[in-house]
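Asker: Would you mind keeping the following structure in view while I ask a few things?
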Amino acid sequence: MSKYIIKRLAMAIVTLWVIITITFILMHSVPGDPFANENKRIPEAVYQNLLRKYGLDKPYSQQYLMYLKNIARGDFGESMKSNTETVNEMIARGFPVSAYLGAQALFIALIFGPALGAIAALYQNKLPDYISMIISIVGVSVPSFVMGTFLIQFIARKINWIPIGGWGEWRHTLLPSIALAMMPLAQMARLMRSSMLEVIGQDYIKTAKSKGISKLSVILKHAVRNAILPIVSILGTTISNLLVGSFVIEKIFGIPGLGMFFTTSIYNRDYTLIMGITVFYAIILIVMLLFVDVAYTLIDPRIRLTEEGH
Amino acid sequence: MKKKFSILLSIILLVSVLFTGCSNSDGDTGVKKILRSNNSSEPGSLDPPLAQGTHESWILENIFEGLMTFDEKGELVPGMAEDYEISEDGLTYTFTLRDDIKWSNGDPVTAEDFEFSWKRALDPELAADYAHILYYIKGAEAYNTGEGSRDDVAVKALDEKTLEVTLESPTAYFLELTAFYTYFPVNKKVVESNPDWAKKSETHVSNGPFKLVKWEHNAKIAMEKNDLYYNADKIKLDGIELDIIEDQNTAWQKYEGGEYDILVDIPTSVVAQLQAENDPQLHIGPQVGTYYYNVNPDVKPFNNVKVRKALSMALDRETIVKDITQGGQIAAEGVVPYGLKDENGKEFRDSVGKLIEYDPEKAKELLEEGLSEEGMTIEDFNNSNFVLLYNTSESHKKIAQAVQEMWRTVLGIEIGLENVEFQVKLDREKAGDYDISRGGWIGDFMDPMTILELWWSKSAFNDVNYNNPKYDALLDEAKSTIDQKVRMEAMRKAEKMVMEDMPVISVYFYTQPYVLRDGVKGVVKVPIRYPVITYADITK
C-alpha cells in the first residue's frame, strides 16, 4: 500500500507540473490582460508601470521559471487585482468558507442521496420509488442558480429567520448548502438505485435471504455495502467540487468563498490567482482521487491496489 | 390578576420598544443610526491611489477627504483646505489647510502629507491605476513614466499648513480634481512605518467623516463616524455598513426585505417596474457618461462620413431608452452628457443644442450617396457581413439587437452581432479588428473636457483614432486658458465638429438609478459620483 501511495504521489507531482504548464500557456494565449477594466481604462504609461510591477514585462520563459520556483516554495504570488491580499491569503480565507459549505452539502447529499436511492430500489415501481426519482430528476436537471433563486424566493423571503444572503452565522449556510447538495444528492440517489437493483437480484442475496437472515440485515450488511461502491467512485470528484466552492451559489448568496475566485480570476485575467486556484484545485482533486482509491479497498477487499490492478 | 397583567404588558411594551428598529432610530434613544447598503464588489484596495473604480471610491469618499470636497448639497467646497489662491496665469495654486484637521489616529493632517501622497501616487513603482489624473501637475507625467524625477514634481509643502502646486497648463477644473480619490492624502508617518497599513481595518488611518472599523473580505465593510473630523457636527449617521454581494438580484431582494436603506446597482427589470409604478423610492440620479458605438474608419464604407451619419440618423434613440434600456437614460443629443455646466452655470448640453436627429428618409439618402461615393451598393454592403461587436452583457445585447433591427428596417442593411468578453473586445479594438464596436465613457470630472478629450488625437482612449487637427486645436485652446467663456466656446465648437465628423455614433446618456428607503434623508447625487451618503440621516 505505501509503495502504491508513494508512486501515486510521484505521479501527482508530474500531473501538477503538466497542469501548471498547460494553464500557463493557455492563460497567456487568451487575449487581454489583468489591467483592463470595463469601467475605467488606463493610458499606456500607467499600463507599462503595472506590467513592470508584476514582472509581466519579462519574457514568458522567465515568468514561467520564476513562477515554478515560487510554487515550489508554496508561494502563489500577489493577486493582480487585489492589493490587500496575496493569492495564498485569498485561498486561505476563501477555502475554509467553501469547504465548510461543501462539507455540509456533502453531508446532506450523503445522508439523503443513497437513502433515497436504496428506498427507490426496494420499492421499485411503487410510490416511494416515484417520489425519490422525481426528487433526483429535479436535482439533476434544475441548475443550481435556479435552485438558489428558488430557495431565496420561496424560503428565505417567507421565513425571516433564514437570511436572503450574506455570511457570518450558521443560518447563512443553510440554503446554500441545500442548493449545493441537490445535484450530488440526486446523482447519488440514481446511482444507488440502479446499483441496488442489480445487487438485490444477485444470487448471494437470495442465499442470504434463504438462510433466514432478517431482511433489514440482508439489506444493510450485504446489499448496501456492495451497492455503495459506485457512489464511492464518484466521491472523489464530488468532494473536490464541493470543497472548492460553487461560483454560482456563492455569487447568489453573497458568500466569501473560493468559488467566486474561479471565474472572476479568469474574467479579470488575474494571472497569479488563476494559477494559484488551478494548482490548489488540482492538488485537492489528486488527493481526493487517491483517497477514493484507498477507500475502495477498504469497502471491497476484492479490489487490490496492486501494480497489475492499476 | 389585573395588576399582574399590566406588569406583563409593560414588560412586553418595554422589550418591544428596545427591539423596534434595531439599528435605526433616533439618536435620543441611544440606538445607533447605521446606514446599510451593498457595495457590489470587493474593493481591490482602500489605499486611495490604488483604487480602481466605483466599488472602492464609494467607501474612500466617506473615509477620506481631499483639499476640496462635495458638501451636503453636492456643491464643491473647500475640504481639508480652508482657502486657496490661484495665480493670475492660472498655473499656481496655493492651498492653506484648516487648523483643526486630524487623522483618525489623532495625528494632524499636514501639507507634507499631501506632498507625500501625490508624489507617492505618481511613483512608477507603486503603479497607481489612476496616476494619470495627476498629470496636470508639472513634472508629474515625466516622473510617472520614468523620465523625470520625484523632486521635479511641482507640489511642495511650504510649511505645515501651506501647499503649493504648479500645473503644466491652466486647468479650470483642477480644484474639482483635488476632490477625486487619487488626490486624497495618506498619513505619511503611517505609510512609511507600515506599508501594509491599508490592508486591515485595525491599521487603517484616514481623515474623512468616517473611519474604517471592519473589513471582512468579500463579505462586509463597516465604517464608524470619525469624531476627530473637523465637520463631525454635520454628520448625522453613527456609521455605514456595506455588504459585499455581487449578485444584483440578491442585493435587491435584501433591500426589498428591509435590510438596506439605499441600493444603487439595481437590476434593469426592477428599475423599469419601479418606474412604471411611479415608486417614490426610485431616484434616477444624473451621471456623466455616454454610451456610443465606435465606427472603424479604416473599413470601407465606414470611412465615409455620410455612411456614418446615415447609421446615426436611422437610430430611434427615444425608443431605445424608453423600451430597451428602461433605466431613465436620456437619448443622446451629442457626445457631451447632461450634468456639466457652462460659463453661465447652465447646462453645457443646452448651450450646444441637439446635434443628433432621427430622420429615416434622410438616413436612406445619405447611405445611398455615401455608398455610391465608395463604389458600393446596398447588396455589396450586405455581402460584406459587417458585424457589430459588443462585450457580453444582457443589456448590451438587447441594445445591439434593437440597433440591428433599426438599421435593417430603415436602411435595408444587414449587420451581424458578435459578443465577446470585454478583454477580447479591447484587444480587437486595439488591433483595429472590428467594424462597429460598443463603447462608453463615464466622466471623471465635471467638465465637458472629460468626454471631449477622448477624441483628441493624442488620447490613449481614442479607439477610433480620430485625428482632426482642427479639433485638436480647439481642445488645445480650451486646455490653455482658464477663461471659462473662451474654454466653453472652444468646447462647443469641438463638440459640433466631432458630431459633424461622427467617428462615433452616440446612443444615450447614462443615468444612475438608485432606491432610497422611506425615512432616509440627505442623500445627494453629484453627477460624477455614486450617491453621496456622507450626510445622510435616518429619520424613521
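A note on labels: chains of the C-alpha cells are A, B, ... as shown, every chain counts residues from 1, and ligands are counted from 1 in their shown order.
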Counting only C-alpha atoms, which residues in chain B sit no more than 9 Å from chain A? For each one, give the nearest pair of atoms and the distance in Å, sorted by chain then residue number, as a Markdown table.

Answerer:
| residue | atom | partner | partner_atom | distance |
| --- | --- | --- | --- | --- |
| B:Glu42 | CA | A:Ser82 | CA | 8.7 |
| B:Pro43 | CA | A:Ser82 | CA | 7.6 |
| B:Gly44 | CA | A:Ser82 | CA | 4.2 |
| B:Ser45 | CA | A:Asn83 | CA | 5.3 |
| B:Leu46 | CA | A:Thr84 | CA | 8.3 |
| B:Asp47 | CA | A:Asn83 | CA | 8.7 |
| B:Leu50 | CA | A:Asn83 | CA | 7.5 |
| B:Gln52 | CA | A:Lys40 | CA | 7.5 |
| B:Gly53 | CA | A:Lys40 | CA | 7.0 |
| B:Thr54 | CA | A:Asn39 | CA | 8.7 |
| B:Pro124 | CA | A:Asn49 | CA | 5.6 |
| B:Glu125 | CA | A:Lys53 | CA | 6.4 |
| B:Leu126 | CA | A:Lys53 | CA | 7.6 |
| B:Ala127 | CA | A:Asn49 | CA | 5.2 |
| B:Ala128 | CA | A:Val46 | CA | 7.3 |
| B:Asp129 | CA | A:Val46 | CA | 6.5 |
| B:Tyr130 | CA | A:Ile42 | CA | 7.2 |
| B:Ala131 | CA | A:Val46 | CA | 6.9 |
| B:His132 | CA | A:Val46 | CA | 7.1 |
| B:Glu141 | CA | A:Ala45 | CA | 8.7 |
| B:Asn144 | CA | A:Val46 | CA | 7.5 |
| B:Thr145 | CA | A:Ala45 | CA | 5.7 |
| B:Gly146 | CA | A:Asn49 | CA | 8.9 |
| B:Asp196 | CA | A:Thr84 | CA | 8.0 |
| B:Ala198 | CA | A:Thr84 | CA | 7.5 |
| B:Lys199 | CA | A:Thr84 | CA | 4.9 |
| B:Lys200 | CA | A:Thr84 | CA | 8.1 |
| B:Glu216 | CA | A:Pro256 | CA | 8.8 |
| B:His217 | CA | A:Pro256 | CA | 7.0 |
| B:Asn218 | CA | A:Pro256 | CA | 4.9 |
| B:Ala219 | CA | A:Pro256 | CA | 5.7 |
| B:Lys220 | CA | A:Gly166 | CA | 8.6 |
| B:Asp243 | CA | A:Gly166 | CA | 7.5 |
| B:Ile244 | CA | A:Gly254 | CA | 7.0 |
| B:Ile245 | CA | A:Gly254 | CA | 4.7 |
| B:Glu246 | CA | A:Lys251 | CA | 6.2 |
| B:Asp247 | CA | A:Ile252 | CA | 5.6 |
| B:Gln248 | CA | A:Ile252 | CA | 8.6 |
| B:Asn249 | CA | A:Ile252 | CA | 7.9 |
| B:Thr250 | CA | A:Ile252 | CA | 6.1 |
| B:Ala251 | CA | A:Gly165 | CA | 8.1 |
| B:Gln253 | CA | A:Ile164 | CA | 7.2 |
| B:Lys254 | CA | A:Ile164 | CA | 6.3 |
| B:Gly257 | CA | A:Arg157 | CA | 7.2 |
| B:Glu421 | CA | A:Tyr267 | CA | 8.0 |
| B:Phe422 | CA | A:Glu38 | CA | 6.7 |
| B:Gln423 | CA | A:Gly32 | CA | 4.7 |
| B:Val424 | CA | A:Pro31 | CA | 5.5 |
| B:Lys425 | CA | A:Gly32 | CA | 8.7 |
| B:Leu426 | CA | A:Gly32 | CA | 7.3 |
| B:Asp427 | CA | A:Gly32 | CA | 6.2 |
| B:Arg428 | CA | A:Pro31 | CA | 8.8 |
| B:Gly440 | CA | A:Asn39 | CA | 8.4 |
| B:Trp441 | CA | A:Asn39 | CA | 7.6 |
| B:Ile442 | CA | A:Asn39 | CA | 7.3 |
| B:Ser459 | CA | A:Pro43 | CA | 8.2 |
| B:Ala460 | CA | A:Pro43 | CA | 5.2 |
| B:Phe461 | CA | A:Pro43 | CA | 7.3 |

Asker: As a list in words, please: the residues near Tyr173 of chain B (cut-off 8 Å, only C-alpha atoms, same-chain neighbours under 4 positions excluded).

Answerer: Leu177, Phe445, Met446 and Asp447 of chain B

Asker: Determine the nearest neighbour of Gly245 of chain A from the options A:Ser2, A:Ser29, A:Ser217, A:Thr263, counting only C-alpha atoms.

Answerer: A:Thr263

Asker: Can you list every residue in segment 178-342 of chain B that DSSP puts in alpha helix (DSSP H), as a ChimeraX atom specification?

Answerer: /B:188-193,248-256,268-276,305-313,317-319

Asker: Find the spatial neighbours of Thr15 of chain A, counting only C-alpha atoms, within a cut-off of 9 Å - ignore same-chain residues fewer than 5 positions away - and output them as a ChimeraX atom specification.

Answerer: /A:10,20,282,286

Asker: Only N, CA, C and O atoms, please: the residues just picked out, written as a PDB file, in the first residue's frame.

Answerer:
ATOM      1  N   ALA A  10       4.265  10.571  -6.609  1.00  0.00           N
ATOM      2  CA  ALA A  10       5.220  10.985  -7.642  1.00  0.00           C
ATOM      3  C   ALA A  10       4.475  11.341  -8.919  1.00  0.00           C
ATOM      4  O   ALA A  10       4.762  12.360  -9.571  1.00  0.00           O
ATOM      5  N   ILE A  20       0.231  22.946 -14.487  1.00  0.00           N
ATOM      6  CA  ILE A  20       0.780  24.309 -14.369  1.00  0.00           C
ATOM      7  C   ILE A  20       1.231  24.795 -15.741  1.00  0.00           C
ATOM      8  O   ILE A  20       0.918  25.916 -16.163  1.00  0.00           O
ATOM      9  N   ALA A 282      -6.181  21.392  -8.356  1.00  0.00           N
ATOM     10  CA  ALA A 282      -5.564  20.165  -8.855  1.00  0.00           C
ATOM     11  C   ALA A 282      -5.076  19.311  -7.677  1.00  0.00           C
ATOM     12  O   ALA A 282      -5.276  18.096  -7.655  1.00  0.00           O
ATOM     13  N   ILE A 286      -6.419  15.595  -6.884  1.00  0.00           N
ATOM     14  CA  ILE A 286      -5.489  14.458  -6.862  1.00  0.00           C
ATOM     15  C   ILE A 286      -5.570  13.734  -5.519  1.00  0.00           C
ATOM     16  O   ILE A 286      -5.664  12.515  -5.455  1.00  0.00           O
TER      17      ILE A 286
END

Asker: Quick one: of A:Lys211, A:Leu235, A:Ile22, A:Gly276, who's nearest to Gly74 of chain A, counting only C-alpha atoms?

Answerer: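 So, comparing all the options, the nearest one is A:Gly276.
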
Asker: Which residues, written as number ranges by chain, have at least one atom at most 12 Å from Leu454 of chain B, with only C-alpha atoms counted and residues fewer than 3 positions away on the same chain left out?

Answerer: A: 41, 43; B: 290, 294, 335-336, 439-443, 448-451, 457-467, 471-472, 475, 494-495, 498, 503-504

Asker: Which residues are near Asn187 of chain B? Cut-off 6 Å, only C-alpha atoms, ignore same chain within fewer than 2 positions. Put them as a ChimeraX atom specification.

Answerer: /B:113,189-190

Asker: Quote the spacing between atom CA of Ala478 of chain B and atom CA of Glu164 of chain B in Å to one decimal place.

Answerer: 23.7 Å

Asker: Could you list, as a PyMOL selection string, every residue within 10 Å of Glu414 of chain B, counting only C-alpha atoms and ignoring same-chain residues fewer than 3 positions away?

Answerer: chain B and resi 378-379+381-387+404-405+407-409+411+417

Asker: How many Å separate atom CA of Asp71 of chain B from atom CA of Asn278 of chain B?

Answerer: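 Separating atom CA of Asp71 of chain B from atom CA of Asn278 of chain B is a distance of 29.0 Å.
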
Asker: List the spatial neighbours of Asp265 of chain B as an mmCIF file with all heavy atoms, in the first residue's frame - criterion: any atom at most 8 Å away, only C-alpha atoms, same-chain residues fewer than 2 positions off excluded.

Answerer:
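In the end it all went to result05.cif:
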data_model
loop_
_atom_site.group_PDB
_atom_site.id
_atom_site.type_symbol
_atom_site.label_atom_id
_atom_site.label_comp_id
_atom_site.auth_asym_id
_atom_site.auth_seq_id
_atom_site.Cartn_x
_atom_site.Cartn_y
_atom_site.Cartn_z
ATOM 1 N N SER B 40 -21.174 46.533 -4.502
ATOM 2 C CA SER B 40 -21.306 45.341 -5.350
ATOM 3 C C SER B 40 -20.033 44.522 -5.569
ATOM 4 O O SER B 40 -20.119 43.385 -6.017
ATOM 5 C CB SER B 40 -21.893 45.740 -6.688
ATOM 6 O OG SER B 40 -21.132 46.784 -7.219
ATOM 7 N N GLN B 248 -26.802 41.215 -8.292
ATOM 8 C CA GLN B 248 -27.750 42.339 -8.206
ATOM 9 C C GLN B 248 -29.106 41.903 -7.669
ATOM 10 O O GLN B 248 -29.731 42.625 -6.895
ATOM 11 C CB GLN B 248 -27.955 42.922 -9.601
ATOM 12 C CG GLN B 248 -26.903 43.897 -10.030
ATOM 13 C CD GLN B 248 -27.338 44.629 -11.289
ATOM 14 O OE1 GLN B 248 -28.302 44.265 -11.947
ATOM 15 N NE2 GLN B 248 -26.607 45.671 -11.629
ATOM 16 N N LEU B 263 -29.897 51.441 -2.141
ATOM 17 C CA LEU B 263 -29.258 50.468 -3.024
ATOM 18 C C LEU B 263 -29.036 51.121 -4.378
ATOM 19 O O LEU B 263 -29.949 51.750 -4.925
ATOM 20 C CB LEU B 263 -30.129 49.210 -3.163
ATOM 21 C CG LEU B 263 -29.478 48.075 -3.956
ATOM 22 C CD1 LEU B 263 -28.276 47.494 -3.215
ATOM 23 C CD2 LEU B 263 -30.490 46.950 -4.220
ATOM 24 N N PRO B 267 -31.230 45.738 -10.614
ATOM 25 C CA PRO B 267 -31.484 45.083 -11.903
ATOM 26 C C PRO B 267 -32.368 45.962 -12.806
ATOM 27 O O PRO B 267 -33.300 46.616 -12.311
ATOM 28 C CB PRO B 267 -32.224 43.800 -11.508
ATOM 29 C CG PRO B 267 -31.914 43.579 -10.075
ATOM 30 C CD PRO B 267 -31.666 44.915 -9.476
ATOM 31 N N PRO B 513 -29.761 55.094 -11.598
ATOM 32 C CA PRO B 513 -30.931 54.862 -10.758
ATOM 33 C C PRO B 513 -30.515 54.285 -9.396
ATOM 34 O O PRO B 513 -29.579 53.503 -9.324
ATOM 35 C CB PRO B 513 -31.738 53.809 -11.538
ATOM 36 C CG PRO B 513 -31.050 53.644 -12.848
ATOM 37 C CD PRO B 513 -29.648 54.103 -12.665
ATOM 38 N N TYR B 514 -31.199 54.710 -8.360
ATOM 39 C CA TYR B 514 -30.971 54.113 -7.043
ATOM 40 C C TYR B 514 -32.268 54.180 -6.243
ATOM 41 O O TYR B 514 -33.154 54.974 -6.566
ATOM 42 C CB TYR B 514 -29.820 54.804 -6.287
ATOM 43 C CG TYR B 514 -29.999 56.274 -6.021
ATOM 44 C CD1 TYR B 514 -30.490 56.736 -4.792
ATOM 45 C CD2 TYR B 514 -29.664 57.220 -6.978
ATOM 46 C CE1 TYR B 514 -30.630 58.091 -4.541
ATOM 47 C CE2 TYR B 514 -29.818 58.585 -6.743
ATOM 48 C CZ TYR B 514 -30.297 59.008 -5.525
ATOM 49 O OH TYR B 514 -30.451 60.346 -5.288
#

Asker: Find, counting only C-alpha atoms, the residue in A:Trp17, A:Trp170, A:Phe154, A:Tyr4 that gets nearest to Leu101 of chain A.

Answerer: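 Of A:Trp17, A:Trp170, A:Phe154, A:Tyr4, the one nearest Leu101 of chain A is A:Trp170, counting only C-alpha atoms.
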
Asker: Looking at A:Ser240, A:Gln202, A:Leu110, A:Lys69, which one is nearest to Ala186 of chain A, with distances taken over only C-alpha atoms?

Answerer: A:Leu110

Asker: Atom CA of Glu347 of chain B and atom CA of Ile324 of chain B, how far apart in Å?

Answerer: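 According to the coordinates, atom CA of Ile324 of chain B and atom CA of Glu347 of chain B are separated by 26.4 Å.
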